[in-house]
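See structure below.
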Amino acid sequence: MPEGHITHRNARRLAAALTGRALTVEAPEPRLAAQRIPERLEGRRVTAVDAAGKHLLVRFDDGAVLHSHLGMVGSWRVVAAADDLPRRGLWLVLRTEDHAVAQYRGPHLRLVAPGAPLPAVAVLGPDLLSPDVDPAEATAAALARVDPARAVGEAILDQRVVAGVGNVYRCETLFLCGIDPWRTVGSLTAEERRLVGSTAARLLAQAARDTGAARPAMWVYRRAGRPCRRCGTPIRSRGQGDANRTAYWCPACQ
């Protein structure tokens with residue numbers, strides 16, 4: 001599943017391609033037909049594109065909001081207007097004179113009427129990549145409100161606690177913090193809670209910059225049974241929480 005850094009990167013790309021430009025719109029996915037998205041957006045102009053955790057919000061000049069969550073398989077593409085777009089899995093195309101912005105396999109795509117609420121966004125915890133958020137203090141405060149018996153590895157995946165952290169950076173963050181994902185939230189010190197937030201935000205921000213370089217090698221993610229890069233102990237893995245997302249950790253370093 002794309003994590004918060006992907007959403008923030010997409011928000012920048014879509015804003016650059018769409019903001020202030022009149023649109024032509026295509027929605028070939030039959031499941032979108034009832035929303036009448038082309039009729040409602042044709043000729044409209046984008047005023048802003050925002051990221052909220054893993055949610056993308058495209059805002060229009062009439063107050064409508066296109067709300068996207070990519071789930072496990074969705075993606076956004078931005079290409080030149082003259083380029084051909086693959087049709088397989090294509091859900092939506094927003095075109096300007098210069099660009100075509102396409103969403104593929106977007107399981108959660110909804111055009112929200114002007115002034116209507118966004119309940120999925122309203123319940124989110126602080127977005128660790130938001131410029132208005134101090135990630136260390138926000139995470140410390142959010143974890144202080146969590147059931148102290150809850151495992152920290154499960155808690156920081158909960159988007160209602162903090163928004164934007166997915167499984168990759170859950171695992172990498174806790175490794176770098178030296179915190180076992182199975183520790184209870186109540187056992188964390190205030191400084192450990194702050195460290196989780198600042199480390200997660202740093203990793204997400206590095207990934208969001210998308211310099212084109214290869215992604216740094218993972219410390220523990222998807223390395224079950226392989227030696228820890230720091231101490232050589234075999235990395236362990238096990239499903240965690242109601243969603244059974246696989247946690248990876250080093251039993252010696254964490």
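Please note that chains go A, B, ... in the order of the structure tokens, that every chain numbers its residues from 1, and that ligands are numbered from 1 in the order shown.
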A:Glu137 surroundings by only C-alpha atoms, 12 Å radius, close-in-sequence under 4 positions cut, as a PyMOL selection string
chain A and resi 126+128+132-133+141-144+162+190-199+201
Residues as selected, N, CA, C and O atoms, written as a PDB file, in the first residue's frame, can you do that?
```
ATOM      1  N   PRO A 126      -2.597  13.186  13.262  1.00  0.00           N
ATOM      2  CA  PRO A 126      -1.739  14.184  12.618  1.00  0.00           C
ATOM      3  C   PRO A 126      -0.913  13.575  11.489  1.00  0.00           C
ATOM      4  O   PRO A 126      -0.366  12.481  11.625  1.00  0.00           O
ATOM      5  N   LEU A 128       2.272  13.247   9.576  1.00  0.00           N
ATOM      6  CA  LEU A 128       3.653  13.492   9.989  1.00  0.00           C
ATOM      7  C   LEU A 128       4.451  14.283   8.959  1.00  0.00           C
ATOM      8  O   LEU A 128       5.533  14.780   9.275  1.00  0.00           O
ATOM      9  N   ASP A 132       2.593  21.911   9.138  1.00  0.00           N
ATOM     10  CA  ASP A 132       2.012  22.486  10.348  1.00  0.00           C
ATOM     11  C   ASP A 132       2.139  21.576  11.564  1.00  0.00           C
ATOM     12  O   ASP A 132       1.641  21.918  12.641  1.00  0.00           O
ATOM     13  N   VAL A 133       2.774  20.417  11.397  1.00  0.00           N
ATOM     14  CA  VAL A 133       2.846  19.416  12.459  1.00  0.00           C
ATOM     15  C   VAL A 133       4.286  19.237  12.922  1.00  0.00           C
ATOM     16  O   VAL A 133       5.204  19.111  12.099  1.00  0.00           O
ATOM     17  N   ALA A 141       2.100  12.929  21.786  1.00  0.00           N
ATOM     18  CA  ALA A 141       0.775  13.215  22.330  1.00  0.00           C
ATOM     19  C   ALA A 141      -0.241  12.181  21.872  1.00  0.00           C
ATOM     20  O   ALA A 141      -1.100  11.746  22.660  1.00  0.00           O
ATOM     21  N   ALA A 142      -0.155  11.767  20.601  1.00  0.00           N
ATOM     22  CA  ALA A 142      -1.112  10.788  20.085  1.00  0.00           C
ATOM     23  C   ALA A 142      -0.953   9.439  20.781  1.00  0.00           C
ATOM     24  O   ALA A 142      -1.940   8.793  21.161  1.00  0.00           O
ATOM     25  N   LEU A 143       0.278   8.992  20.965  1.00  0.00           N
ATOM     26  CA  LEU A 143       0.501   7.699  21.616  1.00  0.00           C
ATOM     27  C   LEU A 143       0.121   7.745  23.095  1.00  0.00           C
ATOM     28  O   LEU A 143      -0.259   6.720  23.674  1.00  0.00           O
ATOM     29  N   ALA A 144       0.207   8.916  23.694  1.00  0.00           N
ATOM     30  CA  ALA A 144      -0.190   9.041  25.098  1.00  0.00           C
ATOM     31  C   ALA A 144      -1.685   8.804  25.280  1.00  0.00           C
ATOM     32  O   ALA A 144      -2.137   8.488  26.390  1.00  0.00           O
ATOM     33  N   VAL A 162      -1.590   8.310  14.056  1.00  0.00           N
ATOM     34  CA  VAL A 162      -0.805   9.213  13.214  1.00  0.00           C
ATOM     35  C   VAL A 162      -1.041   8.800  11.772  1.00  0.00           C
ATOM     36  O   VAL A 162      -1.224   7.620  11.481  1.00  0.00           O
ATOM     37  N   ALA A 190       8.390   8.992  27.293  1.00  0.00           N
ATOM     38  CA  ALA A 190       8.020  10.146  26.484  1.00  0.00           C
ATOM     39  C   ALA A 190       9.051  10.403  25.395  1.00  0.00           C
ATOM     40  O   ALA A 190       8.698  10.751  24.257  1.00  0.00           O
ATOM     41  N   GLU A 191      10.318  10.210  25.727  1.00  0.00           N
ATOM     42  CA  GLU A 191      11.362  10.423  24.731  1.00  0.00           C
ATOM     43  C   GLU A 191      11.282   9.383  23.618  1.00  0.00           C
ATOM     44  O   GLU A 191      11.490   9.711  22.438  1.00  0.00           O
ATOM     45  N   GLU A 192      10.950   8.138  23.944  1.00  0.00           N
ATOM     46  CA  GLU A 192      10.793   7.119  22.904  1.00  0.00           C
ATOM     47  C   GLU A 192       9.610   7.445  21.996  1.00  0.00           C
ATOM     48  O   GLU A 192       9.681   7.248  20.777  1.00  0.00           O
ATOM     49  N   ARG A 193       8.532   7.952  22.561  1.00  0.00           N
ATOM     50  CA  ARG A 193       7.388   8.322  21.733  1.00  0.00           C
ATOM     51  C   ARG A 193       7.760   9.444  20.764  1.00  0.00           C
ATOM     52  O   ARG A 193       7.383   9.426  19.589  1.00  0.00           O
ATOM     53  N   ARG A 194       8.503  10.426  21.252  1.00  0.00           N
ATOM     54  CA  ARG A 194       8.950  11.507  20.367  1.00  0.00           C
ATOM     55  C   ARG A 194       9.888  10.974  19.292  1.00  0.00           C
ATOM     56  O   ARG A 194       9.817  11.398  18.121  1.00  0.00           O
ATOM     57  N   LEU A 195      10.773  10.049  19.660  1.00  0.00           N
ATOM     58  CA  LEU A 195      11.728   9.497  18.709  1.00  0.00           C
ATOM     59  C   LEU A 195      11.014   8.738  17.582  1.00  0.00           C
ATOM     60  O   LEU A 195      11.420   8.827  16.415  1.00  0.00           O
ATOM     61  N   VAL A 196       9.972   8.011  17.921  1.00  0.00           N
ATOM     62  CA  VAL A 196       9.198   7.310  16.894  1.00  0.00           C
ATOM     63  C   VAL A 196       8.657   8.311  15.871  1.00  0.00           C
ATOM     64  O   VAL A 196       8.767   8.105  14.655  1.00  0.00           O
ATOM     65  N   GLY A 197       8.093   9.406  16.350  1.00  0.00           N
ATOM     66  CA  GLY A 197       7.528  10.396  15.440  1.00  0.00           C
ATOM     67  C   GLY A 197       8.565  11.071  14.573  1.00  0.00           C
ATOM     68  O   GLY A 197       8.379  11.216  13.358  1.00  0.00           O
ATOM     69  N   SER A 198       9.669  11.498  15.169  1.00  0.00           N
ATOM     70  CA  SER A 198      10.685  12.214  14.391  1.00  0.00           C
ATOM     71  C   SER A 198      11.364  11.286  13.392  1.00  0.00           C
ATOM     72  O   SER A 198      11.676  11.691  12.261  1.00  0.00           O
ATOM     73  N   THR A 199      11.572  10.031  13.772  1.00  0.00           N
ATOM     74  CA  THR A 199      12.219   9.079  12.862  1.00  0.00           C
ATOM     75  C   THR A 199      11.310   8.722  11.700  1.00  0.00           C
ATOM     76  O   THR A 199      11.737   8.700  10.541  1.00  0.00           O
ATOM     77  N   ALA A 201       8.894  10.516  10.456  1.00  0.00           N
ATOM     78  CA  ALA A 201       8.784  11.699   9.585  1.00  0.00           C
ATOM     79  C   ALA A 201      10.033  11.868   8.728  1.00  0.00           C
ATOM     80  O   ALA A 201       9.941  12.214   7.539  1.00  0.00           O
TER      81      ALA A 201
END
```
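Among the candidates A:Gly164, A:Phe175, A:Thr246, A:Thr19, the one nearest to A:Arg229 when counting only C-alpha atoms is A:Phe175.
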Go through A:Pro119, A:Val146, A:His67, A:Leu94 one by one, measure the shortest atom-to-atom distance of each to A:Ala80 using only C-alpha atoms, and give the residue with the smallest value.
A:Leu94
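What separates atom CA of A:Ala252 from atom CA of A:Gly153 is a distance of 16.6 Å.
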